[in-house]
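Q: Got a structure for you, work.cif, holding mmCIF, C-alpha atoms.
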data_protein
loop_
_atom_site.label_atom_id
_atom_site.label_comp_id
_atom_site.auth_asym_id
_atom_site.auth_seq_id
_atom_site.Cartn_x
_atom_site.Cartn_y
_atom_site.Cartn_z
CA MET Y 1 128.50 75.56 81.42
CA THR Y 2 124.98 76.95 80.92
CA ILE Y 3 124.08 80.20 79.22
CA GLY Y 4 123.37 81.61 82.67
CA GLU Y 5 126.86 80.80 83.87
CA GLN Y 6 128.48 82.08 80.66
CA ALA Y 7 126.59 85.35 81.00
CA LEU Y 8 128.66 86.23 84.05
CA ASP Y 9 131.79 86.39 81.93
CA ASP Y 10 130.64 87.17 78.41
CA PRO Y 11 128.75 90.43 77.67
CA THR Y 12 127.70 89.19 74.18
CA VAL Y 13 125.68 86.45 75.85
CA ILE Y 14 123.77 89.05 77.87
CA ARG Y 15 122.83 90.80 74.62
CA ASN Y 16 121.67 87.46 73.21
CA LEU Y 17 119.57 86.51 76.22
CA VAL Y 18 115.95 86.02 75.24
CA VAL Y 19 114.72 85.03 78.70
CA SER Y 20 116.13 86.03 82.05
CA VAL Y 21 114.40 84.83 85.21
CA ASN Y 22 116.04 85.82 88.44
CA GLN Y 23 114.95 84.73 91.93
CA VAL Y 24 111.27 84.51 91.09
CA PHE Y 25 108.71 83.66 93.75
CA ARG Y 26 105.03 82.95 93.21
CA THR Y 27 102.48 81.83 95.78
CA PHE Y 28 98.84 81.01 95.04
CA GLU Y 29 96.29 81.56 97.76
CA GLN Y 30 94.12 78.46 98.06
CA ASP Y 31 91.19 77.73 100.35
CA THR Y 32 93.12 75.24 102.44
CA ALA Y 33 96.66 76.66 102.44
CA PRO Y 34 98.85 78.85 100.24
CA VAL Y 35 100.65 76.96 97.45
CA ARG Y 36 104.22 78.12 96.95
CA ALA Y 37 104.61 77.35 93.23
CA LEU Y 38 107.95 79.12 92.70
CA ARG Y 39 110.51 79.58 95.45
CA GLY Y 40 113.41 81.47 93.92
CA ALA Y 41 113.52 80.11 90.37
CA ASP Y 42 116.34 81.19 88.05
CA LEU Y 43 116.60 80.59 84.32
CA ASP Y 44 118.43 82.21 81.41
CA ILE Y 45 117.79 81.27 77.79
CA GLY Y 46 119.94 82.46 74.92
CA ARG Y 47 118.80 83.24 71.38
CA GLY Y 48 118.24 80.09 69.32
CA GLU Y 49 118.26 77.71 72.28
CA PHE Y 50 115.79 74.84 72.64
CA VAL Y 51 115.25 74.37 76.36
CA ALA Y 52 113.06 71.75 78.02
CA VAL Y 53 111.98 72.29 81.61
CA MET Y 54 111.20 69.03 83.32
CA GLY Y 55 109.95 68.12 86.72
CA PRO Y 56 107.20 66.33 88.61
CA SER Y 57 103.64 67.60 88.71
CA GLY Y 58 103.32 70.70 90.90
CA CYS Y 59 107.02 71.61 90.77
CA GLY Y 60 106.21 75.03 89.30
CA LYS Y 61 107.22 74.53 85.67
CA SER Y 62 103.90 75.71 84.18
CA THR Y 63 103.86 78.67 86.55
CA LEU Y 64 107.36 79.57 85.38
CA LEU Y 65 106.23 79.34 81.75
CA ASN Y 66 103.16 81.48 82.45
CA ILE Y 67 105.31 84.11 84.11
CA VAL Y 68 107.72 84.18 81.16
CA ALA Y 69 104.67 84.53 78.87
CA GLY Y 70 103.35 87.45 80.90
CA LEU Y 71 100.19 85.48 81.64
CA ASP Y 72 100.96 85.54 85.33
CA VAL Y 73 102.89 87.98 87.51
CA PRO Y 74 105.50 86.95 90.09
CA ASP Y 75 105.25 88.07 93.69
CA GLU Y 76 108.98 88.71 93.77
CA GLY Y 77 111.96 88.58 91.44
CA GLU Y 78 113.06 89.80 88.04
CA VAL Y 79 111.84 88.57 84.68
CA SER Y 80 112.82 89.90 81.29
CA VAL Y 81 111.96 88.67 77.83
CA ALA Y 82 113.65 89.89 74.64
CA GLY Y 83 115.40 92.59 76.64
CA GLN Y 84 112.20 93.95 78.20
CA THR Y 85 111.55 93.62 81.89
CA LEU Y 86 108.07 92.28 82.61
CA ILE Y 87 107.95 93.54 86.17
CA GLY Y 88 105.72 96.56 86.62
CA LYS Y 89 104.19 96.30 83.17
CA THR Y 90 100.42 96.79 82.87
CA GLU Y 91 98.14 94.11 81.41
CA SER Y 92 98.02 96.09 78.16
CA GLU Y 93 101.80 96.35 77.95
CA LEU Y 94 102.15 92.63 78.62
CA ALA Y 95 99.62 91.89 75.85
CA ILE Y 96 101.63 94.02 73.40
CA MET Y 97 104.83 92.26 74.49
CA ARG Y 98 103.17 88.88 73.81
CA ARG Y 99 102.11 90.00 70.33
CA GLN Y 100 105.62 91.02 69.44
CA HIS Y 101 107.78 88.43 71.11
CA ILE Y 102 105.88 85.37 72.29
CA GLY Y 103 104.04 82.48 70.70
CA ILE Y 104 102.34 80.01 73.03
CA VAL Y 105 101.42 76.37 72.44
CA PHE Y 106 99.12 74.85 75.06
CA GLN Y 107 98.61 71.25 76.08
CA PHE Y 108 94.92 71.34 75.14
CA PHE Y 109 95.47 73.45 72.02
CA ASN Y 110 93.12 76.30 73.04
CA LEU Y 111 91.99 76.86 69.48
CA LEU Y 112 89.02 79.05 68.61
CA GLU Y 113 86.45 76.43 67.67
CA GLY Y 114 84.07 78.84 65.94
CA MET Y 115 86.70 79.73 63.36
CA THR Y 116 88.40 77.88 60.53
CA ALA Y 117 92.00 76.66 60.79
CA LEU Y 118 93.21 79.59 58.67
CA GLU Y 119 91.27 82.14 60.75
CA ASN Y 120 92.87 80.72 63.90
CA VAL Y 121 96.31 81.35 62.39
CA LEU Y 122 95.33 84.83 61.18
CA MET Y 123 94.08 85.99 64.54
CA PRO Y 124 97.42 86.90 66.23
CA ALA Y 125 98.56 88.82 63.15
CA LEU Y 126 95.26 90.69 62.90
CA ILE Y 127 95.39 91.51 66.62
CA ALA Y 128 98.93 92.82 66.08
CA GLY Y 129 97.59 95.13 63.37
CA SER Y 130 98.72 93.31 60.20
CA LYS Y 131 96.77 93.83 56.99
CA ARG Y 132 94.38 90.94 56.35
CA LYS Y 133 95.90 90.04 52.97
CA ALA Y 134 99.47 89.91 54.32
CA ALA Y 135 98.29 87.92 57.35
CA GLU Y 136 96.44 85.50 55.10
CA THR Y 137 99.50 84.91 52.92
CA ARG Y 138 101.64 84.25 56.00
CA GLY Y 139 98.88 82.05 57.50
CA ARG Y 140 98.67 79.88 54.38
CA ASP Y 141 102.47 79.61 54.24
CA LEU Y 142 102.55 78.47 57.86
CA LEU Y 143 99.81 75.91 57.35
CA ASP Y 144 101.71 74.58 54.32
CA LEU Y 145 104.96 74.52 56.30
CA LEU Y 146 103.30 72.50 59.05
CA GLY Y 147 101.69 70.11 56.59
CA ILE Y 148 98.06 71.13 57.10
CA GLY Y 149 97.69 73.50 54.15
CA ASP Y 150 94.76 71.47 52.83
CA LYS Y 151 92.87 71.93 56.13
CA ALA Y 152 92.78 75.74 55.95
CA LYS Y 153 89.00 75.95 55.62
CA GLN Y 154 88.18 73.22 58.11
CA SER Y 155 87.06 73.75 61.66
CA PRO Y 156 89.62 72.73 64.31
CA ALA Y 157 87.09 70.17 65.56
CA ALA Y 158 87.47 68.27 62.26
CA LEU Y 159 91.23 67.80 62.76
CA SER Y 160 93.09 65.01 64.55
CA GLY Y 161 94.95 65.73 67.79
CA GLY Y 162 98.32 66.01 66.03
CA GLN Y 163 96.86 68.29 63.37
CA ARG Y 164 95.22 70.47 66.03
CA GLN Y 165 98.53 70.88 67.82
CA ARG Y 166 100.26 71.69 64.53
CA LEU Y 167 97.58 74.30 63.94
CA ALA Y 168 98.25 75.71 67.43
CA ILE Y 169 101.96 75.86 66.57
CA ALA Y 170 101.17 77.65 63.30
CA ARG Y 171 99.15 80.18 65.26
CA ALA Y 172 101.98 80.63 67.75
CA LEU Y 173 104.37 81.36 64.88
CA ALA Y 174 102.06 83.83 63.12
CA ASN Y 175 103.87 86.93 64.36
CA GLU Y 176 107.37 85.44 64.02
CA PRO Y 177 107.89 85.43 67.79
CA THR Y 178 111.27 85.81 69.43
CA LEU Y 179 110.33 83.01 71.81
CA LEU Y 180 108.11 79.98 71.34
CA LEU Y 181 106.65 78.64 74.59
CA ALA Y 182 105.07 75.21 74.81
CA ASP Y 183 103.27 73.84 77.86
CA GLU Y 184 103.14 70.03 77.66
CA PRO Y 185 102.61 70.22 73.87
CA THR Y 186 102.43 66.44 73.48
CA GLY Y 187 100.46 65.80 76.67
CA ALA Y 188 97.11 65.41 74.92
CA LEU Y 189 98.43 63.49 71.89
CA ASP Y 190 98.96 59.85 71.06
CA SER Y 191 102.53 58.70 70.42
CA GLU Y 192 102.31 59.30 66.67
CA GLY Y 193 100.91 62.83 67.13
CA GLY Y 194 103.52 63.50 69.80
CA GLU Y 195 106.35 62.47 67.50
CA GLU Y 196 105.00 64.70 64.72
CA VAL Y 197 104.96 67.67 67.05
CA LEU Y 198 108.43 66.99 68.45
CA GLU Y 199 109.82 66.63 64.95
CA LEU Y 200 108.29 70.00 64.17
CA PHE Y 201 109.90 71.64 67.20
CA THR Y 202 113.27 70.20 66.17
CA ARG Y 203 112.82 71.62 62.67
CA LEU Y 204 111.86 75.02 64.03
CA HIS Y 205 114.87 74.99 66.35
CA SER Y 206 117.24 74.17 63.50
CA GLY Y 207 115.74 77.19 61.71
CA GLY Y 208 116.89 79.36 64.63
CA GLN Y 209 113.72 79.52 66.71
CA THR Y 210 114.19 79.94 70.46
CA ILE Y 211 111.97 77.43 72.25
CA LEU Y 212 111.08 76.91 75.89
CA LEU Y 213 109.15 73.70 76.42
CA VAL Y 214 107.66 72.41 79.64
CA THR Y 215 107.13 68.67 80.04
CA HIS Y 216 107.19 65.84 82.54
CA ASP Y 217 107.94 63.34 79.79
CA GLN Y 218 111.60 62.31 79.40
CA PRO Y 219 111.43 61.40 75.65
CA VAL Y 220 109.96 64.83 74.95
CA ALA Y 221 112.66 66.54 77.00
CA ASP Y 222 115.30 64.52 75.15
CA ALA Y 223 114.39 66.31 71.94
CA ALA Y 224 115.62 69.58 73.43
CA GLN Y 225 119.12 70.96 73.26
CA ARG Y 226 119.19 71.79 76.96
CA LEU Y 227 117.37 70.25 79.89
CA VAL Y 228 116.44 72.16 83.01
CA ARG Y 229 115.10 70.21 85.96
CA MET Y 230 112.83 71.73 88.57
CA ARG Y 231 111.68 70.60 91.95
CA ASP Y 232 109.76 72.42 94.69
CA GLY Y 233 109.63 75.68 92.76
CA ARG Y 234 113.36 75.86 92.06
CA VAL Y 235 115.72 74.90 89.25
CA ILE Y 236 117.81 72.06 90.61
CA ASP Y 237 119.75 71.11 87.51
CA ASP Y 238 120.53 73.06 84.36
CA GLY Y 239 122.37 71.26 81.59
CA ARG Y 240 122.19 69.27 78.39
CA PRO Y 241 120.28 65.99 78.28
CA ALA Y 242 122.45 62.96 78.76
CA ALA Y 243 121.45 61.57 75.37
CA GLY Y 244 119.54 62.53 72.25
CA ALA Y 245 120.53 66.21 72.20
CA MET Z 1 13.57 94.94 56.64
CA ALA Z 2 16.87 96.73 56.61
CA ALA Z 3 19.22 96.13 59.49
CA ALA Z 4 19.56 98.95 61.96
CA LEU Z 5 22.76 100.87 61.58
CA LEU Z 6 24.33 102.46 64.59
CA TRP Z 7 27.14 104.91 64.26
CA ALA Z 8 28.97 106.16 67.28
CA VAL Z 9 30.67 109.45 66.62
CA ARG Z 10 32.94 111.09 69.12
CA LEU Z 11 32.99 114.86 68.91
CA ALA Z 12 35.70 117.11 70.15
CA PRO Z 13 34.68 119.46 72.95
CA GLY Z 14 32.95 122.55 71.50
CA ALA Z 15 32.20 120.91 68.13
CA ASP Z 16 29.31 122.42 66.15
CA ILE Z 17 26.61 119.73 66.36
CA THR Z 18 24.48 121.37 63.63
CA ALA Z 19 27.40 121.22 61.23
CA VAL Z 20 27.99 117.59 62.19
CA ARG Z 21 24.32 116.77 61.53
CA ARG Z 22 24.58 118.38 58.10
CA ALA Z 23 27.69 116.40 57.28
CA MET Z 24 26.16 113.17 58.58
CA ALA Z 25 23.05 113.75 56.42
CA LEU Z 26 25.26 113.61 53.36
CA ILE Z 27 26.69 110.26 54.43
CA THR Z 28 23.50 108.62 55.66
CA GLY Z 29 21.40 109.92 52.76
CA GLY Z 30 18.64 111.40 54.91
CA PHE Z 31 17.94 108.50 57.24
CA GLU Z 32 16.43 109.29 60.59
CA ARG Z 33 19.30 110.24 62.81
CA VAL Z 34 19.71 111.02 66.42
CA ILE Z 35 22.82 112.65 67.66
CA GLU Z 36 23.06 112.73 71.38
CA GLU Z 37 25.95 114.37 73.04
CA SER Z 38 26.08 111.89 75.87
CA PHE Z 39 25.25 108.71 74.00
CA ARG Z 40 27.82 105.89 74.26
CA PRO Z 41 27.04 102.22 73.56
CA ALA Z 42 28.08 99.83 76.30
CA ARG Z 43 30.74 98.05 74.23
CA ILE Z 44 32.33 101.39 73.36
CA LEU Z 45 32.31 102.27 77.05
CA ASN Z 46 33.89 98.89 77.86
CA PHE Z 47 36.39 99.40 75.07
CA GLY Z 48 37.31 102.73 76.57
CA ARG Z 49 38.00 101.04 79.89
CA VAL Z 50 40.72 98.85 78.34
CA ARG Z 51 42.31 101.58 76.23
CA SER Z 52 45.47 101.53 78.36
CA VAL Z 53 46.01 97.81 77.67
CA PRO Z 54 48.02 98.36 74.46
CA GLN Z 55 50.40 100.70 76.31
CA LEU Z 56 50.82 98.11 79.06
CA VAL Z 57 51.48 95.41 76.46
CA GLU Z 58 54.06 97.68 74.78
CA ALA Z 59 55.79 98.36 78.08
CA PHE Z 60 55.78 94.65 78.93
CA ALA Z 61 57.20 93.75 75.50
CA GLY Z 62 59.92 96.38 75.96
CA LEU Z 63 60.82 95.03 79.40
CA LEU Z 64 60.82 91.48 78.06
CA THR Z 65 63.14 92.54 75.22
CA VAL Z 66 65.57 94.14 77.68
CA LEU Z 67 65.56 91.01 79.86
CA VAL Z 68 66.09 88.72 76.85
CA LEU Z 69 68.94 90.93 75.58
CA VAL Z 70 70.69 91.02 78.96
CA HIS Z 71 70.19 87.28 79.44
CA SER Z 72 71.59 86.55 75.96
CA LEU Z 73 74.59 88.74 76.69
CA ALA Z 74 75.16 87.00 80.02
CA ILE Z 75 75.15 83.62 78.24
CA VAL Z 76 77.54 84.93 75.58
CA ALA Z 77 79.81 86.35 78.29
CA THR Z 78 80.00 82.94 79.98
CA ARG Z 79 80.39 80.94 76.77
CA ARG Z 80 82.99 83.26 75.28
CA ARG Z 81 85.08 83.46 78.44
CA HIS Z 82 87.44 80.79 77.18
CA ASP Z 83 87.76 82.35 73.73
CA LEU Z 84 88.45 85.73 75.29
CA SER Z 85 91.16 84.16 77.47
CA VAL Z 86 92.74 82.59 74.38
CA LEU Z 87 92.60 85.91 72.54
CA ARG Z 88 94.13 87.63 75.57
CA ALA Z 89 96.92 85.04 75.56
CA ILE Z 90 97.73 85.79 71.94
CA GLY Z 91 97.91 89.51 72.47
CA LEU Z 92 94.45 91.07 72.80
CA ARG Z 93 94.57 93.91 75.32
CA PRO Z 94 92.01 93.80 78.19
CA GLU Z 95 90.14 96.84 76.91
CA GLN Z 96 89.93 95.27 73.43
CA ALA Z 97 88.56 92.08 74.96
CA ARG Z 98 85.93 94.09 76.84
CA ARG Z 99 85.01 95.93 73.64
CA VAL Z 100 84.17 92.58 72.04
CA LEU Z 101 81.16 92.30 74.37
CA TRP Z 102 80.17 95.96 73.96
CA TRP Z 103 80.02 95.37 70.23
CA HIS Z 104 78.15 92.14 70.76
CA GLY Z 105 75.58 93.97 72.90
CA GLY Z 106 75.22 96.75 70.34
CA ILE Z 107 74.81 94.39 67.39
CA LEU Z 108 72.34 92.21 69.28
CA ALA Z 109 70.22 95.26 70.16
CA ALA Z 110 70.44 96.66 66.63
CA VAL Z 111 69.23 93.36 65.19
CA ALA Z 112 66.48 93.10 67.83
CA VAL Z 113 65.31 96.65 67.14
CA SER Z 114 65.49 96.44 63.36
CA ILE Z 115 63.52 93.19 63.26
CA GLY Z 116 61.42 93.42 66.42
CA VAL Z 117 60.13 96.98 66.10
CA PRO Z 118 58.72 96.73 62.54
CA LEU Z 119 57.28 93.29 63.34
CA GLY Z 120 55.79 94.66 66.56
CA VAL Z 121 54.26 97.65 64.77
CA VAL Z 122 52.72 95.53 62.01
CA GLY Z 123 51.58 92.78 64.40
CA GLY Z 124 50.23 95.24 66.94
CA ARG Z 125 48.26 97.16 64.34
CA LEU Z 126 46.76 94.00 62.84
CA LEU Z 127 45.73 92.85 66.30
CA TRP Z 128 44.30 96.26 67.23
CA ARG Z 129 42.39 96.41 63.95
CA ALA Z 130 40.84 93.02 64.75
CA VAL Z 131 39.86 94.27 68.20
CA THR Z 132 38.33 97.53 66.95
CA ASP Z 133 36.47 95.69 64.17
CA SER Z 134 35.02 93.30 66.72
CA VAL Z 135 33.39 96.16 68.66
CA ASP Z 136 32.39 98.17 65.57
CA SER Z 137 34.84 100.89 66.51
CA VAL Z 138 36.80 102.96 64.07
CA TYR Z 139 40.40 101.85 63.53
CA ALA Z 140 42.51 104.96 63.82
CA PRO Z 141 46.16 104.11 64.64
CA ARG Z 142 48.24 106.87 66.07
CA SER Z 143 51.63 107.55 64.60
CA SER Z 144 54.12 106.60 67.30
CA TRP Z 145 57.45 106.98 65.50
CA PRO Z 146 59.01 109.29 68.08
CA ILE Z 147 58.21 106.71 70.79
CA LEU Z 148 59.55 103.87 68.65
CA VAL Z 149 62.79 105.74 67.92
CA THR Z 150 63.17 106.53 71.63
CA VAL Z 151 62.51 102.89 72.57
CA GLY Z 152 65.02 101.70 69.92
CA CYS Z 153 67.73 104.06 71.16
CA LEU Z 154 67.03 103.09 74.78
CA LEU Z 155 67.31 99.38 73.94
CA LEU Z 156 70.58 100.01 72.14
CA MET Z 157 71.98 101.95 75.10
CA ILE Z 158 70.80 99.40 77.68
CA SER Z 159 72.27 96.55 75.63
CA ILE Z 160 75.66 98.25 75.22
CA ALA Z 161 75.68 99.14 78.94
CA ALA Z 162 74.83 95.52 79.81
CA GLY Z 163 77.64 94.34 77.51
CA ALA Z 164 80.05 96.72 79.24
CA ALA Z 165 78.97 95.54 82.70
CA LEU Z 166 79.14 91.85 81.76
CA SER Z 167 82.48 92.25 80.01
CA ARG Z 168 84.14 92.73 83.38
CA ARG Z 169 82.95 89.24 84.31
CA ALA Z 170 83.79 87.72 80.94
CA VAL Z 171 87.32 89.04 80.63
CA PRO Z 172 89.37 87.10 83.15
CA ARG Z 173 91.93 88.88 85.30
CA SER Z 174 94.19 85.86 85.39
CA ILE Z 175 94.51 84.42 81.89
CA ALA Z 176 96.69 81.53 83.04
CA GLN Z 177 94.16 80.46 85.66
CA SER Z 178 91.26 80.82 83.24
CA LEU Z 179 92.92 78.72 80.53
CA ARG Z 180 93.88 76.10 83.09
CA SER Z 181 90.39 75.84 84.55
CA GLU Z 182 88.55 75.61 81.19
#
Take the structure in this file and express it as structure tokens.
A:
Amino acid sequence: MTIGEQALDDPTVIRNLVVSVNQVFRTFEQDTAPVRALRGADLDIGRGEFVAVMGPSGCGKSTLLNIVAGLDVPDEGEVSVAGQTLIGKTESELAIMRRQHIGIVFQFFNLLEGMTALENVLMPALIAGSKRKAAETRGRDLLDLLGIGDKAKQSPAALSGGQRQRLAIARALANEPTLLLADEPTGALDSEGGEEVLELFTRLHSGGQTILLVTHDQPVADAAQRLVRMRDGRVIDDGRPAAGA
Amino acid sequence: MAAALLWAVRLAPGADITAVRRAMALITGGFERVIEESFRPARILNFGRVRSVPQLVEAFAGLLTVLVLVHSLAIVATRRRHDLSVLRAIGLRPEQARRVLWWHGGILAAVAVSIGVPLGVVGGRLLWRAVTDSVDSVYAPRSSWPILVTVGCLLLMISIAAGAALSRRAVPRSIAQSLRSE
């Protein structure tokens, strides 16, 4: 039984829901023809869950993740994160919601190349209004935790792929987010870098971090506690991985 | 034989020529002197014909500065588009992202004004002195601080306005799409 199914019977689960996606539709207008990325997607994630969303290219998993992150807006449906509905929120309100509740890890890192590793980690905290000294202490702690404490003053360009992704994860954790989102976090890494990153996600999950990860790679999905499969813009299977969970 | 010395003196309308002659006698030490009201050597006349050139050069330099500032801001807006998308993704509000470029425009103009204006004044005066010396004219620079302050403020305002206009282009409406396409 998934969290979504339990929620029907158990009111405590509703209180513990971090993500609730209900009948979400999203269509992108393209030059040739409209692309229906999501066609009634549903997904509930409870506090402390590690969920992997898997599916073939173009099945709508990244769109779903972007909608949960408030980076994109659905055409139809209900989305709430950490008890706040995202529907009808302005761009500013969504940005504030992201500061407070969401950390995002991208496939291609999206680090700020003109800044040092430490400055990259400081940025979300400074944007959220933290004092520089407090942000710096937290930033250094995070870099140490992720094993790149000695790279604090280096430019992201000087780091290996695995180290860059760990830096991106440190940045995503800067504001102690309710939900950590990861879009193909191992997609741009070699197998060793990928394993490092997965091991890190597992550690974060065992520390109580709620994680939603999008991948098309079965070994990556196997690291998660729960596997959700998507096809043609819908969730077609929602359960635990057969092995490795 | 002593070289002939020619002095061209421009008198204000209604000046007392007798008084001028007396004053000139003190300077020239009693040399034969002729003061003609209408006398103007050809090179002074030619010089007078190009007197508006410095103003034209100033206006051209000002226009060039504005174009360079706007062009620099446009380049920054394009190059920083990705960074602004990333910052938006980690919680920067759209108006904060736009303000980044306003500030950039303001700082760029402030630097341009604080370096360019003093350099322009010094360079312009040196050049003008060389020109006046070459035609045996008297170098008498006019104090143009009010104009310089006005030009500085205008540059600052134009640069900030350009930053504001370009920020709309630089700050993407769809962050997801922008991060995907970079």
Q: What residues come out when you apply the PyMOL selection byres ((chain Y) within 9 of (chain Z)) to this file, written as a ChimeraX atom specification?
A: /Y:63,66,69-72,91-100,102-104,110-113,123-124,127-128,171-172
Q: Specify as a ChimeraX atom specification each residue included when the PyMOL selection byres ((chain Y and resi 224) around 6) is applied to this file.
A: /Y:50-52,221-223,225-226
Q: Quick one: distance from atom CA of Ala33 of chain Y to atom CA of Leu181 of chain Y in Å, one decimal?
A: 29.7 Å
Q: Go ahead and compute the interatomic distance for atom CA of Ser20 of chain Y and atom CA of Gln84 of chain Y, in Å to one decimal.
A: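 According to the coordinates, atom CA of Ser20 of chain Y and atom CA of Gln84 of chain Y are separated by 9.6 Å.
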Q: Using Å and a single decimal, report how far atom CA of Thr90 of chain Y sits from atom CA of Ala182 of chain Y.
A: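 One can read the atom CA of Ala182 of chain Y to atom CA of Thr90 of chain Y distance as 23.5 Å.
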Q: When the PyMOL selection byres ((chain Y and resi 48) around 6) is applied to the file above, which residues end up in the set, as a list in words?
A: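 Evaluating the PyMOL selection byres ((chain Y and resi 48) around 6) on these coordinates yields Arg47, Glu49, Gly208, Gln209 and Thr210 of chain Y.
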Q: Considering only C-alpha atoms, state which residue in the set Y:Gly46, Y:Gly193, Y:Gly239, Y:Pro156 is at the smallest distance from Val18 of chain Y.
A: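 Distance minimum relative to Val18 of chain Y lands on Y:Gly46.
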Q: Within 6 Å of Ala37 of chain Y, counting all atoms listed in the file, which residues qualify if same-chain residues fewer than 2 places away don't, as a list in words?
A: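 Skipping anything fewer than 2 positions along the chain leaves Arg26, Thr27, Val35, Gly60 and Gly233 of chain Y.
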Q: For segment 132-134 of chain Z, list every protein, DNA or RNA residue within 12 Å, evaluated using only C-alpha atoms, and leave out those in the same chain fewer than 3 positions away; present the list as a list of chain:residue names.
A: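 Everything that qualifies: Z:Arg43, Z:Ile44, Z:Asn46, Z:Phe47, Z:Gly48, Z:Val50, Z:Arg51, Z:Arg125, Z:Leu126, Z:Leu127, Z:Trp128, Z:Arg129, Z:Ser137, Z:Val138, Z:Tyr139, Z:Ala140, Z:Pro141.
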Q: Would you save the residues from that selection as a compact mmCIF listing (two decimals), keeping the file's coordinate frame, using C-alpha atoms?
A:
# COMPACT_ATOMS: atom_id res chain seq x y z
CA ARG Z 43 30.74 98.05 74.23
CA ILE Z 44 32.33 101.39 73.36
CA ASN Z 46 33.89 98.89 77.86
CA PHE Z 47 36.39 99.40 75.07
CA GLY Z 48 37.31 102.73 76.57
CA VAL Z 50 40.72 98.85 78.34
CA ARG Z 51 42.31 101.58 76.23
CA ARG Z 125 48.26 97.16 64.34
CA LEU Z 126 46.76 94.00 62.84
CA LEU Z 127 45.73 92.85 66.30
CA TRP Z 128 44.30 96.26 67.23
CA ARG Z 129 42.39 96.41 63.95
CA SER Z 137 34.84 100.89 66.51
CA VAL Z 138 36.80 102.96 64.07
CA TYR Z 139 40.40 101.85 63.53
CA ALA Z 140 42.51 104.96 63.82
CA PRO Z 141 46.16 104.11 64.64
Q: Could you check the closest approach to Arg142 of chain Z for each of Z:Val76, Z:Val121, Z:Ile107, Z:Ile17 and tell me which residue wins, using only C-alpha atoms?
A: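 Between Z:Val76, Z:Val121, Z:Ile107, Z:Ile17, the residue approaching Arg142 of chain Z most closely is Z:Val121.
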Q: I need the residue nearest Pro118 of chain Z from this list: Z:Ser167, Z:Arg81, Z:Ser144, Z:Met24. Use all atoms listed in the file for the distance.
A: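 Closest to Pro118 of chain Z, using all atoms listed in the file: Z:Ser144.
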Q: From the list Y:Val214, Y:Leu167, Y:Leu122, Y:Ala135, which residue is nearest Gly149 of chain Y when using all atoms listed in the file?
A: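 Distance minimum relative to Gly149 of chain Y lands on Y:Leu167.
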Q: Taking (87.2, 71.7, 58.3) in the coordinates of the supplied file, I want to know which residues reach to within 12 Å of it, counting only C-alpha atoms; could you give the answer as a PyMOL selection string?
A: chain Y and resi 113-119+148-160+163-164
Q: For Glu78 of chain Y, work out the shell of residues within 9 Å, counting only C-alpha atoms and skipping chain neighbours fewer than 5 positions away, then give it as a tab-separated table (two decimals) with C-alpha atoms, in the frame of the given file.
A:
chain	number	residue	atom	x	y	z
Y	20	SER	CA	116.13	86.03	82.05
Y	21	VAL	CA	114.40	84.83	85.21
Y	22	ASN	CA	116.04	85.82	88.44
Y	23	GLN	CA	114.95	84.73	91.93
Y	24	VAL	CA	111.27	84.51	91.09
Y	85	THR	CA	111.55	93.62	81.89
Y	86	LEU	CA	108.07	92.28	82.61
Y	87	ILE	CA	107.95	93.54	86.17
Q: Fewer than 2 positions away in the same chain doesn't count, so skip those; otherwise give me all residues within 6 Å of Ala168 of chain Y, counting only C-alpha atoms, as a list of chain:residue names.
A: Y:Val105, Y:Phe109, Y:Gln165, Y:Arg166, Y:Ala170, Y:Arg171
Q: For segment 44-52 of chain Y, where the input has fewer atoms than it should, I would like N, CA and C atoms rebuilt and written as an mmCIF file, in the frame of the given file.
A:
data_model
loop_
_atom_site.group_PDB
_atom_site.id
_atom_site.type_symbol
_atom_site.label_atom_id
_atom_site.label_comp_id
_atom_site.auth_asym_id
_atom_site.auth_seq_id
_atom_site.Cartn_x
_atom_site.Cartn_y
_atom_site.Cartn_z
ATOM 1 N N ASP Y 44 118.035 81.346 82.525
ATOM 2 C CA ASP Y 44 118.430 82.210 81.410
ATOM 3 C C ASP Y 44 118.378 81.383 80.133
ATOM 4 N N ILE Y 45 117.847 81.968 79.087
ATOM 5 C CA ILE Y 45 117.790 81.270 77.790
ATOM 6 C C ILE Y 45 118.362 82.185 76.723
ATOM 7 N N GLY Y 46 119.324 81.665 75.979
ATOM 8 C CA GLY Y 46 119.940 82.460 74.920
ATOM 9 C C GLY Y 46 119.175 82.332 73.621
ATOM 10 N N ARG Y 47 119.466 83.253 72.698
ATOM 11 C CA ARG Y 47 118.800 83.240 71.380
ATOM 12 C C ARG Y 47 119.098 81.929 70.659
ATOM 13 N N GLY Y 48 118.078 81.305 70.112
ATOM 14 C CA GLY Y 48 118.240 80.090 69.320
ATOM 15 C C GLY Y 48 118.323 78.811 70.128
ATOM 16 N N GLU Y 49 118.199 78.918 71.447
ATOM 17 C CA GLU Y 49 118.260 77.710 72.280
ATOM 18 C C GLU Y 49 116.910 76.972 72.279
ATOM 19 N N PHE Y 50 116.992 75.664 72.469
ATOM 20 C CA PHE Y 50 115.790 74.840 72.640
ATOM 21 C C PHE Y 50 115.907 74.215 74.035
ATOM 22 N N VAL Y 51 115.128 74.764 74.954
ATOM 23 C CA VAL Y 51 115.250 74.370 76.360
ATOM 24 C C VAL Y 51 113.981 73.613 76.791
ATOM 25 N N ALA Y 52 114.187 72.485 77.438
ATOM 26 C CA ALA Y 52 113.060 71.750 78.020
ATOM 27 C C ALA Y 52 113.146 71.874 79.533
#
